[in-house]
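*Asks:* See model-v2.txt below, with compact mmCIF, C-alpha atoms and all ligand atoms.
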# COMPACT_ATOMS: atom_id res chain seq x y z
CA MET A 1 9.63 -30.74 4.99
CA THR A 2 8.86 -31.33 8.64
CA GLY A 3 10.04 -29.37 11.65
CA LEU A 4 10.92 -26.33 9.58
CA ARG A 5 11.58 -23.28 11.81
CA ILE A 6 10.75 -19.87 10.36
CA GLY A 7 11.61 -16.61 12.17
CA VAL A 8 9.83 -13.49 10.92
CA VAL A 9 11.23 -10.00 11.60
CA GLY A 10 8.30 -7.55 11.69
CA GLY A 11 4.67 -8.34 12.47
CA SER A 12 2.76 -5.91 10.28
CA ILE A 13 0.88 -6.75 7.05
CA ALA A 14 3.74 -8.68 5.46
CA GLY A 15 4.90 -10.30 8.72
CA CYS A 16 1.45 -11.62 9.69
CA ALA A 17 0.72 -12.81 6.14
CA MET A 18 4.08 -14.63 5.99
CA ALA A 19 3.37 -16.23 9.39
CA ILE A 20 0.04 -17.55 8.07
CA ALA A 21 1.80 -18.86 4.93
CA GLY A 22 4.49 -20.64 6.93
CA ALA A 23 2.02 -22.14 9.39
CA ARG A 24 -0.26 -23.36 6.58
CA ALA A 25 2.72 -25.10 4.99
CA GLY A 26 3.43 -26.88 8.30
CA ALA A 27 6.31 -24.78 9.65
CA ASP A 28 6.87 -23.66 13.23
CA VAL A 29 6.73 -19.83 12.95
CA THR A 30 7.84 -17.11 15.38
CA VAL A 31 7.20 -13.41 14.68
CA HIS A 32 9.33 -10.70 16.32
CA GLU A 33 7.59 -7.30 16.18
CA ARG A 34 9.27 -4.14 17.45
CA SER A 35 6.06 -2.27 18.39
CA ASP A 36 4.45 -2.96 21.71
CA GLY A 37 0.81 -2.29 20.85
CA ALA A 38 -1.73 -3.00 18.15
CA LEU A 39 -0.84 -1.53 14.78
CA GLN A 40 -4.28 -0.19 13.91
CA ASP A 41 -3.19 3.38 14.62
CA ARG A 42 -1.59 3.33 11.21
CA GLY A 43 -5.11 2.90 9.87
CA PHE A 44 -5.29 4.56 6.50
CA GLY A 45 -7.11 3.45 3.41
CA ILE A 46 -5.68 0.95 0.99
CA VAL A 47 -7.23 -0.83 -1.94
CA ILE A 48 -6.63 -4.38 -3.15
CA PRO A 49 -7.96 -6.29 -6.19
CA PRO A 50 -11.28 -8.06 -5.42
CA PRO A 51 -10.00 -11.44 -6.78
CA LEU A 52 -7.05 -11.30 -4.35
CA HIS A 53 -9.44 -10.50 -1.49
CA GLN A 54 -11.59 -13.50 -2.47
CA GLU A 55 -8.54 -15.79 -2.70
CA LEU A 56 -7.34 -14.70 0.75
CA VAL A 57 -10.75 -15.37 2.28
CA ALA A 58 -11.11 -18.73 0.50
CA SER A 59 -7.66 -19.87 1.65
CA GLY A 60 -8.04 -18.77 5.27
CA TYR A 61 -5.72 -15.74 5.38
CA LEU A 62 -8.62 -13.36 5.98
CA GLY A 63 -11.95 -13.91 7.69
CA ALA A 64 -15.03 -13.32 5.55
CA ASP A 65 -16.13 -10.86 8.24
CA MET A 66 -13.33 -8.35 7.54
CA PRO A 67 -15.24 -5.36 6.15
CA THR A 68 -14.35 -3.87 2.78
CA THR A 69 -16.09 -1.20 0.68
CA PRO A 70 -15.99 -2.60 -2.86
CA VAL A 71 -16.64 -0.33 -5.85
CA ALA A 72 -16.53 -1.26 -9.54
CA ALA A 73 -15.75 2.00 -11.33
CA ARG A 74 -13.07 4.65 -11.43
CA VAL A 75 -14.12 8.23 -12.17
CA TRP A 76 -11.63 10.89 -13.30
CA LEU A 77 -12.53 14.49 -12.39
CA ALA A 78 -11.03 17.95 -12.75
CA ARG A 79 -12.22 21.49 -12.35
CA ALA A 80 -14.27 22.61 -15.35
CA PRO A 81 -12.30 25.16 -17.44
CA GLY A 82 -12.77 28.64 -15.98
CA ARG A 83 -15.28 27.39 -13.37
CA ARG A 84 -15.17 26.09 -9.78
CA THR A 85 -17.44 23.12 -10.48
CA ALA A 86 -16.29 19.55 -11.16
CA ARG A 87 -16.21 18.04 -14.64
CA GLU A 88 -16.19 14.25 -15.19
CA LEU A 89 -13.38 13.49 -17.63
CA ALA A 90 -13.76 9.73 -17.89
CA ARG A 91 -15.22 6.65 -16.25
CA GLN A 92 -13.44 3.29 -16.35
CA GLN A 93 -14.32 -0.16 -15.03
CA ALA A 94 -11.66 -0.77 -12.35
CA PRO A 95 -13.07 -2.78 -9.42
CA VAL A 96 -11.28 -2.44 -6.08
CA ALA A 97 -11.92 -3.76 -2.59
CA ALA A 98 -11.14 -0.80 -0.35
CA CYS A 99 -9.85 -1.72 3.12
CA ASN A 100 -8.95 -0.03 6.37
CA TRP A 101 -5.23 -0.77 6.89
CA GLY A 102 -5.74 -1.34 10.63
CA LEU A 103 -8.63 -3.76 10.12
CA LEU A 104 -6.63 -5.65 7.49
CA TRP A 105 -3.73 -5.99 9.91
CA ARG A 106 -6.06 -7.13 12.69
CA ALA A 107 -7.68 -9.73 10.41
CA LEU A 108 -4.28 -11.16 9.42
CA ARG A 109 -2.98 -11.03 13.00
CA SER A 110 -5.98 -13.04 14.23
CA ASN A 111 -5.29 -15.78 11.67
CA ILE A 112 -1.67 -16.64 12.48
CA GLY A 113 -2.91 -19.77 14.30
CA ASP A 114 -0.29 -21.57 16.38
CA SER A 115 2.51 -19.21 15.37
CA THR A 116 4.14 -17.26 18.20
CA TYR A 117 3.90 -13.46 18.00
CA HIS A 118 6.30 -11.53 20.25
CA ARG A 119 5.56 -7.82 20.45
CA GLY A 120 7.84 -5.13 21.83
CA ARG A 121 10.83 -7.20 20.63
CA PRO A 122 13.04 -5.18 18.26
CA VAL A 123 15.42 -7.41 16.33
CA GLY A 124 18.95 -6.02 16.71
CA SER A 125 20.54 -8.17 14.02
CA VAL A 126 20.23 -11.31 11.94
CA VAL A 127 23.27 -13.44 11.13
CA ARG A 128 24.04 -16.62 9.19
CA THR A 129 25.08 -19.74 11.04
CA ALA A 130 27.69 -22.24 9.89
CA SER A 131 24.96 -24.89 9.52
CA GLY A 132 23.10 -22.91 6.81
CA GLY A 133 20.46 -21.43 9.12
CA ALA A 134 20.20 -17.96 10.66
CA LEU A 135 20.07 -16.38 14.10
CA ILE A 136 17.65 -13.64 15.11
CA ARG A 137 19.07 -11.53 17.94
CA THR A 138 16.89 -9.50 20.30
CA ALA A 139 17.55 -7.98 23.74
CA ASP A 140 16.23 -11.29 25.20
CA GLY A 141 18.84 -13.44 23.47
CA GLU A 142 19.12 -15.26 20.17
CA ARG A 143 17.25 -18.06 18.43
CA GLU A 144 18.14 -20.16 15.40
CA TYR A 145 15.83 -20.67 12.41
CA ASP A 146 16.01 -22.52 9.09
CA ILE A 147 14.49 -19.50 7.30
CA VAL A 148 14.45 -15.85 8.39
CA VAL A 149 11.79 -13.70 6.73
CA GLY A 150 12.57 -9.99 6.65
CA ALA A 151 9.13 -8.38 6.84
CA ASP A 152 10.52 -5.37 8.66
CA GLY A 153 9.50 -2.64 6.26
CA HIS A 154 11.43 -0.11 4.23
CA ARG A 155 14.26 0.21 6.79
CA SER A 156 14.75 -3.56 7.03
CA VAL A 157 17.71 -4.87 9.03
CA THR A 158 17.36 -8.14 7.11
CA ARG A 159 17.76 -6.34 3.77
CA GLU A 160 20.90 -4.60 5.09
CA LEU A 161 22.46 -8.06 5.38
CA ILE A 162 21.69 -9.39 1.89
CA ALA A 163 21.39 -6.21 -0.21
CA PRO A 164 23.24 -3.45 1.70
CA GLU A 165 23.75 -1.42 -1.48
CA VAL A 166 20.02 -0.78 -2.01
CA ARG A 167 18.93 2.77 -1.17
CA PRO A 168 15.58 4.54 -1.68
CA VAL A 169 15.36 6.72 -4.80
CA PRO A 170 13.36 9.91 -4.06
CA ALA A 171 10.64 10.79 -6.58
CA GLY A 172 10.92 14.53 -5.83
CA TYR A 173 7.29 14.92 -4.78
CA LEU A 174 5.11 14.24 -1.76
CA VAL A 175 1.92 12.43 -0.83
CA TRP A 176 -0.52 13.55 1.83
CA ARG A 177 -2.87 10.88 3.01
CA GLY A 178 -5.71 11.17 5.43
CA THR A 179 -9.11 9.91 6.51
CA ILE A 180 -12.27 11.88 7.27
CA PRO A 181 -15.52 10.42 8.74
CA ALA A 182 -17.97 9.85 5.88
CA SER A 183 -20.54 11.64 8.05
CA ALA A 184 -18.59 14.84 7.29
CA LEU A 185 -19.89 14.52 3.71
CA ARG A 186 -23.50 15.14 4.81
CA ASP A 187 -23.40 18.56 3.08
CA HIS A 188 -22.19 16.93 -0.12
CA PRO A 189 -24.68 14.17 -0.97
CA GLU A 190 -23.73 14.18 -4.66
CA GLN A 191 -20.06 13.48 -3.88
CA LEU A 192 -21.02 10.84 -1.31
CA ALA A 193 -23.29 9.10 -3.85
CA LEU A 194 -20.45 9.14 -6.40
CA LEU A 195 -18.02 7.63 -3.86
CA GLU A 196 -20.51 4.86 -3.08
CA SER A 197 -20.16 3.56 -6.63
CA ALA A 198 -16.66 4.63 -7.69
CA TRP A 199 -13.23 5.65 -6.55
CA VAL A 200 -12.22 9.06 -7.74
CA THR A 201 -9.06 10.46 -9.31
CA LEU A 202 -9.03 14.26 -9.23
CA GLY A 203 -6.48 15.96 -11.51
CA PHE A 204 -5.06 19.42 -10.82
CA PRO A 205 -2.04 21.36 -12.12
CA GLY A 206 1.11 19.67 -10.74
CA GLY A 207 -0.54 16.56 -9.33
CA HIS A 208 -3.66 14.60 -8.54
CA GLY A 209 -5.67 13.23 -5.64
CA VAL A 210 -7.33 9.86 -5.12
CA PHE A 211 -10.49 9.52 -2.96
CA TYR A 212 -12.37 6.41 -1.82
CA LEU A 213 -14.55 5.17 1.03
CA ILE A 214 -13.17 2.60 3.46
CA PRO A 215 -14.71 0.82 6.47
CA GLY A 216 -14.24 2.61 9.79
CA THR A 217 -13.26 0.83 12.99
CA GLU A 218 -16.77 1.24 14.47
CA PRO A 219 -19.03 -1.48 12.98
CA GLY A 220 -20.99 -0.09 10.02
CA SER A 221 -19.04 3.19 9.93
CA ARG A 222 -17.15 4.48 6.91
CA LEU A 223 -14.29 6.89 6.34
CA LEU A 224 -13.31 8.88 3.29
CA ALA A 225 -9.66 8.09 2.54
CA TYR A 226 -7.57 10.28 0.31
CA ALA A 227 -4.02 10.51 -1.07
CA ILE A 228 -2.93 13.76 -2.72
CA TYR A 229 0.28 13.84 -4.77
CA ALA A 230 1.99 17.17 -5.36
CA PRO A 231 5.43 18.78 -5.45
CA PRO A 232 6.74 20.19 -2.18
CA PRO A 233 5.50 23.70 -1.44
CA ALA A 234 7.75 26.60 -2.49
CA SER A 235 6.41 28.68 0.36
CA MET A 236 4.19 27.01 2.89
CA PRO A 237 1.20 29.05 4.09
CA ALA A 238 1.31 29.55 7.85
CA PRO A 239 -0.53 26.68 9.53
CA GLY A 240 -3.34 27.49 11.93
CA ALA A 241 -2.77 27.07 15.65
CA GLY A 242 -2.07 23.42 16.36
CA ALA A 243 -2.88 22.31 12.80
CA PRO A 244 -0.31 20.05 11.19
CA VAL A 245 1.66 21.76 8.44
CA SER A 246 0.59 19.14 5.93
CA ALA A 247 -3.10 19.88 6.56
CA ALA A 248 -2.55 23.56 5.80
CA TYR A 249 -0.80 22.79 2.54
CA VAL A 250 -3.42 20.28 1.43
CA ARG A 251 -6.12 22.87 2.13
CA HIS A 252 -4.11 25.42 0.16
CA ILE A 253 -3.82 23.12 -2.89
CA ALA A 254 -7.47 22.17 -2.65
CA GLY A 255 -8.58 25.80 -2.39
CA GLU A 256 -6.49 26.80 -5.39
CA HIS A 257 -7.21 23.91 -7.72
CA PHE A 258 -10.03 21.57 -6.64
CA PRO A 259 -13.69 21.90 -7.62
CA ALA A 260 -15.37 23.83 -4.78
CA GLU A 261 -17.16 20.81 -3.23
CA TRP A 262 -13.98 18.72 -3.10
CA ALA A 263 -11.99 21.64 -1.66
CA ASP A 264 -14.63 21.94 1.04
CA ILE A 265 -14.41 18.22 1.83
CA VAL A 266 -10.61 18.36 2.23
CA ALA A 267 -10.84 21.52 4.35
CA ARG A 268 -12.90 19.65 6.97
CA GLY A 269 -11.34 19.65 10.40
CA GLU A 270 -12.65 16.20 11.35
CA HIS A 271 -9.64 14.21 10.13
CA THR A 272 -9.22 10.89 11.95
CA SER A 273 -5.70 10.47 10.57
CA GLN A 274 -3.31 12.40 8.41
CA ALA A 275 0.31 11.95 7.33
CA LEU A 276 2.84 13.35 4.91
CA HIS A 277 5.31 11.08 3.11
CA PRO A 278 8.04 11.89 0.63
CA VAL A 279 7.53 9.48 -2.30
CA ALA A 280 10.48 7.15 -2.95
CA ASP A 281 11.07 3.66 -4.27
CA PHE A 282 13.64 0.86 -4.37
CA VAL A 283 13.85 -2.83 -5.20
CA VAL A 284 16.30 -5.56 -4.19
CA PRO A 285 17.90 -7.49 -7.05
CA ARG A 286 16.85 -10.81 -5.51
CA ALA A 287 14.02 -11.28 -3.00
CA ALA A 288 15.62 -14.29 -1.26
CA GLU A 289 19.07 -15.60 -0.57
CA PRO A 290 18.89 -18.72 1.62
CA PRO A 291 18.33 -18.71 4.54
CA PHE A 292 16.96 -15.14 4.17
CA LEU A 293 13.83 -14.02 2.40
CA LEU A 294 12.39 -10.52 2.05
CA ALA A 295 8.67 -9.72 1.91
CA GLY A 296 6.51 -6.62 1.56
CA ASP A 297 8.20 -3.23 1.85
CA ALA A 298 11.46 -4.83 3.03
CA ALA A 299 11.94 -6.25 -0.50
CA SER A 300 10.67 -3.33 -2.56
CA VAL A 301 8.72 -0.13 -2.26
CA THR A 302 6.89 1.15 -5.29
CA ARG A 303 5.44 4.64 -5.65
CA PRO A 304 1.94 4.47 -4.12
CA HIS A 305 0.22 5.23 -7.50
CA THR A 306 0.27 1.46 -8.11
CA ALA A 307 -1.71 0.77 -4.88
CA SER A 308 0.33 -2.40 -4.64
CA GLY A 309 2.54 -2.43 -1.51
CA ALA A 310 0.12 -4.40 0.67
CA VAL A 311 -1.07 -6.33 -2.40
CA LYS A 312 2.49 -7.44 -3.07
CA ALA A 313 3.02 -8.39 0.60
CA LEU A 314 -0.10 -10.59 0.47
CA GLN A 315 0.95 -12.15 -2.84
CA ASP A 316 4.45 -12.71 -1.37
CA ALA A 317 2.80 -14.77 1.35
CA LEU A 318 0.73 -16.84 -1.08
CA CYS A 319 3.93 -17.46 -3.06
CA LEU A 320 5.84 -18.55 0.06
CA GLU A 321 3.13 -21.06 0.92
CA ARG A 322 3.14 -22.48 -2.64
CA SER A 323 6.95 -22.59 -2.70
CA LEU A 324 7.20 -24.39 0.65
CA ARG A 325 4.59 -26.94 -0.38
CA ALA A 326 6.31 -27.62 -3.72
CA SER A 327 9.88 -27.97 -2.39
CA SER A 328 11.86 -30.60 -0.58
CA SER A 329 14.24 -28.19 1.17
CA ALA A 330 14.15 -24.65 2.57
CA ALA A 331 16.77 -23.54 0.04
CA GLU A 332 14.74 -24.89 -2.88
CA ALA A 333 11.62 -23.07 -1.61
CA LEU A 334 13.52 -19.79 -1.30
CA HIS A 335 14.90 -20.12 -4.84
CA ARG A 336 11.39 -20.65 -6.19
CA TYR A 337 10.19 -17.62 -4.22
CA ALA A 338 13.03 -15.44 -5.50
CA GLU A 339 12.38 -16.46 -9.13
CA GLU A 340 8.77 -15.27 -8.90
CA ARG A 341 8.85 -12.33 -6.52
CA SER A 342 12.08 -10.52 -7.53
CA ALA A 343 10.65 -9.78 -10.98
CA GLU A 344 7.33 -8.62 -9.54
CA GLY A 345 9.04 -6.07 -7.27
CA ALA A 346 11.00 -4.64 -10.23
CA ARG A 347 7.87 -4.57 -12.42
CA LEU A 348 5.91 -2.59 -9.83
CA VAL A 349 8.74 -0.09 -9.30
CA GLY A 350 8.85 0.52 -13.07
CA LEU A 351 5.07 0.91 -13.23
CA GLY A 352 5.06 3.35 -10.29
CA ARG A 353 7.70 5.50 -11.96
CA ARG A 354 5.75 5.67 -15.22
CA LEU A 355 2.53 6.53 -13.38
CA GLY A 356 4.38 9.21 -11.41
CA ARG A 357 5.80 10.67 -14.61
CA GLU A 358 2.40 10.88 -16.33
CA LEU A 359 0.28 11.89 -13.33
CA VAL A 360 2.56 14.15 -11.29
CA GLU A 361 5.86 15.06 -12.96
CA ASN A 362 4.29 15.94 -16.35
CA THR A 363 0.66 16.50 -15.40
CA PRO A 364 -1.56 16.86 -18.46
CA ASP A 365 -3.94 19.75 -19.01
CA TRP A 366 -6.65 17.87 -17.08
CA PRO A 367 -9.70 20.10 -17.75
CA THR A 368 -9.34 19.71 -21.53
CA MET A 369 -9.31 15.90 -21.37
CA GLY A 370 -12.11 13.46 -22.17
CA PRO A 371 -12.42 9.64 -22.12
CA ALA A 372 -10.11 9.13 -25.14
CA GLU A 373 -7.35 11.30 -23.66
CA VAL A 374 -7.60 9.64 -20.23
CA ASP A 375 -7.43 6.19 -21.84
CA ALA A 376 -4.40 7.27 -23.91
CA LEU A 377 -2.68 8.63 -20.80
CA SER A 378 -3.45 5.41 -18.93
CA ARG A 379 -2.07 3.25 -21.73
CA ALA A 380 1.09 5.37 -21.99
CA ALA A 381 1.72 4.95 -18.27
CA LEU A 382 0.97 1.22 -18.28
CA ASN A 383 3.18 0.63 -21.32
CA GLY A 384 1.79 -2.91 -21.57
CA ALA A 385 2.00 -3.67 -17.82
CA ASP A 386 -0.92 -5.10 -15.85
CA SER A 387 -2.57 -3.03 -13.14
CA TYR A 388 -5.92 -3.75 -11.53
CA LEU A 389 -6.43 0.02 -11.24
CA TYR A 390 -6.82 0.25 -15.03
CA GLY A 391 -9.13 -2.73 -15.64
CA SER A 392 -11.18 -1.64 -18.64
CA VAL A 393 -8.25 0.20 -20.28
CA GLN A 394 -6.28 -3.03 -20.37
CA ARG A 395 -9.09 -4.99 -21.97
CA GLN A 396 -9.38 -2.62 -24.97
C1 LIG A 401 0.13 6.96 0.44
C2 LIG A 401 0.17 5.46 0.41
C3 LIG A 401 -0.90 4.76 -0.13
C4 LIG A 401 -0.86 3.37 -0.21
N1 LIG A 401 -1.91 2.72 -0.75
C5 LIG A 401 -1.85 1.38 -0.93
C6 LIG A 401 -2.92 0.68 -1.56
O1 LIG A 401 -3.94 1.27 -1.94
N2 LIG A 401 -2.81 -0.67 -1.75
C7 LIG A 401 -1.69 -1.35 -1.33
O2 LIG A 401 -1.62 -2.56 -1.56
N3 LIG A 401 -0.67 -0.73 -0.70
C8 LIG A 401 -0.72 0.62 -0.49
N4 LIG A 401 0.30 1.26 0.15
C9 LIG A 401 1.47 0.49 0.61
C10 LIG A 401 1.21 -0.30 1.89
O3 LIG A 401 0.65 0.54 2.88
C11 LIG A 401 2.55 -0.88 2.38
O4 LIG A 401 3.23 -1.45 1.29
C12 LIG A 401 2.33 -1.96 3.44
O5 LIG A 401 1.64 -1.45 4.54
C13 LIG A 401 3.70 -2.49 3.87
O6 LIG A 401 3.55 -3.48 4.85
P1 LIG A 401 4.84 -4.19 5.45
O7 LIG A 401 4.32 -5.16 6.44
O8 LIG A 401 5.73 -4.67 4.37
O9 LIG A 401 5.67 -3.01 6.14
P2 LIG A 401 5.36 -2.16 7.46
O10 LIG A 401 3.91 -1.97 7.63
O11 LIG A 401 6.25 -0.96 7.40
O12 LIG A 401 5.80 -3.11 8.65
C14 LIG A 401 7.10 -3.35 9.04
C15 LIG A 401 7.02 -3.86 10.47
O13 LIG A 401 8.30 -4.26 10.90
C16 LIG A 401 8.52 -3.80 12.21
N5 LIG A 401 9.97 -3.69 12.38
C17 LIG A 401 10.82 -2.86 11.72
N6 LIG A 401 12.07 -3.05 12.12
C18 LIG A 401 12.02 -4.03 13.06
C19 LIG A 401 13.00 -4.68 13.86
N7 LIG A 401 14.31 -4.34 13.78
N8 LIG A 401 12.60 -5.64 14.72
C20 LIG A 401 11.28 -6.00 14.81
N9 LIG A 401 10.32 -5.41 14.08
C21 LIG A 401 10.69 -4.45 13.22
C22 LIG A 401 7.80 -2.46 12.29
O14 LIG A 401 7.49 -2.09 13.62
C23 LIG A 401 6.55 -2.77 11.46
O15 LIG A 401 5.48 -3.25 12.23
C24 LIG A 401 0.28 2.66 0.26
C25 LIG A 401 1.35 3.36 0.84
C26 LIG A 401 1.31 4.74 0.91
C27 LIG A 401 2.48 5.47 1.53
Could you show the structure in this file as C-alpha cells?
*Replies:*
Amino acid sequence: MTGLRIGVVGGSIAGCAMAIAGARAGADVTVHERSDGALQDRGFGIVIPPPLHQELVASGYLGADMPTTPVAARVWLARAPGRRTARELARQQAPVAACNWGLLWRALRSNIGDSTYHRGRPVGSVVRTASGGALIRTADGEREYDIVVGADGHRSVTRELIAPEVRPVPAGYLVWRGTIPASALRDHPEQLALLESAWVTLGFPGGHGVFYLIPGTEPGSRLLAYAIYAPPPASMPAPGAGAPVSAAYVRHIAGEHFPAEWADIVARGEHTSQALHPVADFVVPRAAEPPFLLAGDAASVTRPHTASGAVKALQDALCLERSLRASSSAAEALHRYAEERSAEGARLVGLGRRLGRELVENTPDWPTMGPAEVDALSRAALNGADSYLYGSVQRQ
C-alpha cells in the first residue's frame, strides 16, 4: 500500500503509538489532539511487562533512554493479626517495568517521525465518505483519510459512530492513585529497600493497595506510585483545609487498616499528584470497522487491576503495524486488526472483573493468608487467563 492516509483522533499514549505504527508501515499520518500542552501532567505510575518494553525499544517505538524502574518480584502484605506491624503473606516472581506515564507519553511523542501532530485541535466529528474513506472535522475544517484511528480515550467520538450502544459498566468501587517523592521515604528505609526489589500489594478489609517506585521527571529521581482500591466512603471524614477530599479518605483508610509504616507513608503531605476515579469498564464488540479503527481506551477499558490499559494501547499499535505490512488494502488490514484486538479487549475486561471480585468485592481475610492461599486466590482470579502480574503463579 502506498500513499495511505491515516488520521488519528487523540494524541496520548494510544494516539502517539498508532502514529508510530502507521509511519513505520509507510503511511502518511496526522494526529489531532484536543489538549494544547504537553500531557505529562497526567504523570502517574504505570507498569508494563519487561518483554513488551524491550520489543518497543528494539522496534523504535521507545528510545532506550526512557527511564523505567524494573523489579522482578511481587510481595503481598497485610497487617499482622492484632498488631500494627506488616506481615509478608507471599512473594511471587512477577517482573514489571514501572514507568512514569508522562515520560512514556513524551518518549512516544518524540518518535512519531514525519507524522504531523496538531495540538489544541478537538475533533468535532468523524464521518464516512461515499468513496470508503472518512472525514475528520475540526474547527479549522475537514480532511479526508483512508483510515481514521479513534485513540480518543474512554469518551471517544469515534466509538460513538461505530459502537454507540457501548456504555461504561461501573464496578461500584473507587481507586485513588497518587505519587509521592521517594525522598519522603527517608524515615522508612526498610519499606524503601523492599520497593527497590519488589512491587507491593497491601491487603486490607474491603480492598487493597498497590505500591511501586517509578522514575521521576528530574533525571535520577524516583517517585512512589500507589493505587488504592476501596468502596466509596459511607461518611467521609472532614478534609483538612485545602486538602483534596480523596487524600483525607485515603489517610483514613490507611490509618484504620494499614501497617503503621505504610499508613505513615500515605499520610505524607508531599504528594506530587493525586486523583480519584470511579472504577468502570466496557469493551466494543469489534475493534475496527473500515475505515474506522479503535485503539487504547477508546476500544476498551478494563478495571485497572490488570495494569493493562497502556499495555493494550501499545500492543494495538504493534498489531496495526503488522496488519498494515501484511495486507494489500486498508480494509484487509483493519479486518486483521479487529480479529486480533477485539478478543484481547474482551479478555482483559473479563480478567479485570474477576480480579475485582477476588481483591475488592469479596476481600479475603488477608492477615490469615500465606503463600498457598495467595496462590490459590491468584489462580481463582486468573481462571486460566494470562497476566504478567502473576508470572510465577501461572508457571506452576
Ligand atoms: C488507577 C489506574 C492505574 C493504571 N495502571 C496502569 C498500568 O499499570 N499499566 C497500564 O498498562 N495501564 C494502566 N492504566 C491504564 C492507562 O493509564 C490507560 O489505559 C492509558 O493511559 C490510555 O491511553 P489512551 O491514549 O488510550 O487514552 P487517553 O490517555 O485518555 O487519551 C485520549 C486522548 O484523546 C484526546 N481526545 C479526546 N477526545 C478528543 C477529541 N474529540 N479530539 C481530539 N482529541 C481528543 C484527549 O485529550 C487525550 O489526550 C491505569 C489506569 C488507572 C485509572
*Asks:* Using only C-alpha atoms and all ligand atoms, which of the listed residues (A:Gln394, A:Ser300, A:Ser308, A:Thr116) sits closest to ligand LIG 401 (chain A)?
*Replies:* A:Ser308
*Asks:* Given all atoms listed in the file, how would the per-residue table for chain A near ligand LIG 401 (chain A) read, listing every residue at most 7 Å away with its closest atom pair and distance in Å to one decimal, sorted by chain and number, as JSON lines?
*Replies:*
{"residue": "A:Val9", "atom": "CA", "partner": "A:LIG401", "partner_atom": "C20", "distance": 5.1}
{"residue": "A:Gly10", "atom": "CA", "partner": "A:LIG401", "partner_atom": "O13", "distance": 3.4}
{"residue": "A:Gly11", "atom": "CA", "partner": "A:LIG401", "partner_atom": "O15", "distance": 5.2}
{"residue": "A:Ser12", "atom": "CA", "partner": "A:LIG401", "partner_atom": "O7", "distance": 4.2}
{"residue": "A:Ile13", "atom": "CA", "partner": "A:LIG401", "partner_atom": "O7", "distance": 3.8}
{"residue": "A:Ala14", "atom": "CA", "partner": "A:LIG401", "partner_atom": "O7", "distance": 3.7}
{"residue": "A:Gly15", "atom": "CA", "partner": "A:LIG401", "partner_atom": "O7", "distance": 5.7}
{"residue": "A:His32", "atom": "CA", "partner": "A:LIG401", "partner_atom": "C20", "distance": 5.3}
{"residue": "A:Glu33", "atom": "CA", "partner": "A:LIG401", "partner_atom": "N9", "distance": 3.9}
{"residue": "A:Arg34", "atom": "CA", "partner": "A:LIG401", "partner_atom": "N9", "distance": 3.8}
{"residue": "A:Ser35", "atom": "CA", "partner": "A:LIG401", "partner_atom": "O14", "distance": 5.0}
{"residue": "A:Gly45", "atom": "CA", "partner": "A:LIG401", "partner_atom": "O1", "distance": 6.6}
{"residue": "A:Ile46", "atom": "CA", "partner": "A:LIG401", "partner_atom": "O1", "distance": 3.4}
{"residue": "A:Val47", "atom": "CA", "partner": "A:LIG401", "partner_atom": "O1", "distance": 3.9}
{"residue": "A:Ile48", "atom": "CA", "partner": "A:LIG401", "partner_atom": "N2", "distance": 5.5}
{"residue": "A:Arg121", "atom": "CA", "partner": "A:LIG401", "partner_atom": "C20", "distance": 6.0}
{"residue": "A:Pro122", "atom": "CA", "partner": "A:LIG401", "partner_atom": "N8", "distance": 3.6}
{"residue": "A:Val123", "atom": "CA", "partner": "A:LIG401", "partner_atom": "N8", "distance": 3.7}
{"residue": "A:Gly124", "atom": "CA", "partner": "A:LIG401", "partner_atom": "N7", "distance": 5.7}
{"residue": "A:Ala151", "atom": "CA", "partner": "A:LIG401", "partner_atom": "O8", "distance": 5.6}
{"residue": "A:Asp152", "atom": "CA", "partner": "A:LIG401", "partner_atom": "O13", "distance": 3.3}
{"residue": "A:Gly153", "atom": "CA", "partner": "A:LIG401", "partner_atom": "C14", "distance": 3.7}
{"residue": "A:His154", "atom": "CA", "partner": "A:LIG401", "partner_atom": "O11", "distance": 6.1}
{"residue": "A:Arg155", "atom": "CA", "partner": "A:LIG401", "partner_atom": "N6", "distance": 6.6}
{"residue": "A:Ser156", "atom": "CA", "partner": "A:LIG401", "partner_atom": "N6", "distance": 5.8}
{"residue": "A:Val157", "atom": "CA", "partner": "A:LIG401", "partner_atom": "N7", "distance": 5.9}
{"residue": "A:Val175", "atom": "CA", "partner": "A:LIG401", "partner_atom": "C1", "distance": 5.9}
{"residue": "A:Trp176", "atom": "CA", "partner": "A:LIG401", "partner_atom": "C1", "distance": 6.8}
{"residue": "A:Arg177", "atom": "CA", "partner": "A:LIG401", "partner_atom": "C1", "distance": 5.6}
{"residue": "A:Ala227", "atom": "CA", "partner": "A:LIG401", "partner_atom": "C1", "distance": 5.7}
{"residue": "A:His277", "atom": "CA", "partner": "A:LIG401", "partner_atom": "C27", "distance": 6.5}
{"residue": "A:Ala295", "atom": "CA", "partner": "A:LIG401", "partner_atom": "O8", "distance": 6.3}
{"residue": "A:Gly296", "atom": "CA", "partner": "A:LIG401", "partner_atom": "O8", "distance": 3.5}
{"residue": "A:Asp297", "atom": "CA", "partner": "A:LIG401", "partner_atom": "O8", "distance": 3.8}
{"residue": "A:Ala298", "atom": "CA", "partner": "A:LIG401", "partner_atom": "O8", "distance": 5.9}
{"residue": "A:Val301", "atom": "CA", "partner": "A:LIG401", "partner_atom": "O4", "distance": 6.7}
{"residue": "A:Pro304", "atom": "CA", "partner": "A:LIG401", "partner_atom": "C3", "distance": 4.9}
{"residue": "A:Ala307", "atom": "CA", "partner": "A:LIG401", "partner_atom": "C6", "distance": 3.5}
{"residue": "A:Ser308", "atom": "CA", "partner": "A:LIG401", "partner_atom": "O2", "distance": 3.6}
{"residue": "A:Gly309", "atom": "CA", "partner": "A:LIG401", "partner_atom": "O4", "distance": 3.0}
{"residue": "A:Ala310", "atom": "CA", "partner": "A:LIG401", "partner_atom": "O2", "distance": 3.4}
{"residue": "A:Val311", "atom": "CA", "partner": "A:LIG401", "partner_atom": "O2", "distance": 3.9}
{"residue": "A:Lys312", "atom": "CA", "partner": "A:LIG401", "partner_atom": "O2", "distance": 6.6}
{"residue": "A:Ala313", "atom": "CA", "partner": "A:LIG401", "partner_atom": "O8", "distance": 5.9}
*Asks:* Taking only C-alpha atoms into account, which of A:Leu202, A:Ala287, A:Ala72, A:Leu314 comes nearest Leu56 in chain A?
*Replies:*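 Smallest distance to Leu56 in chain A is found for A:Leu314.
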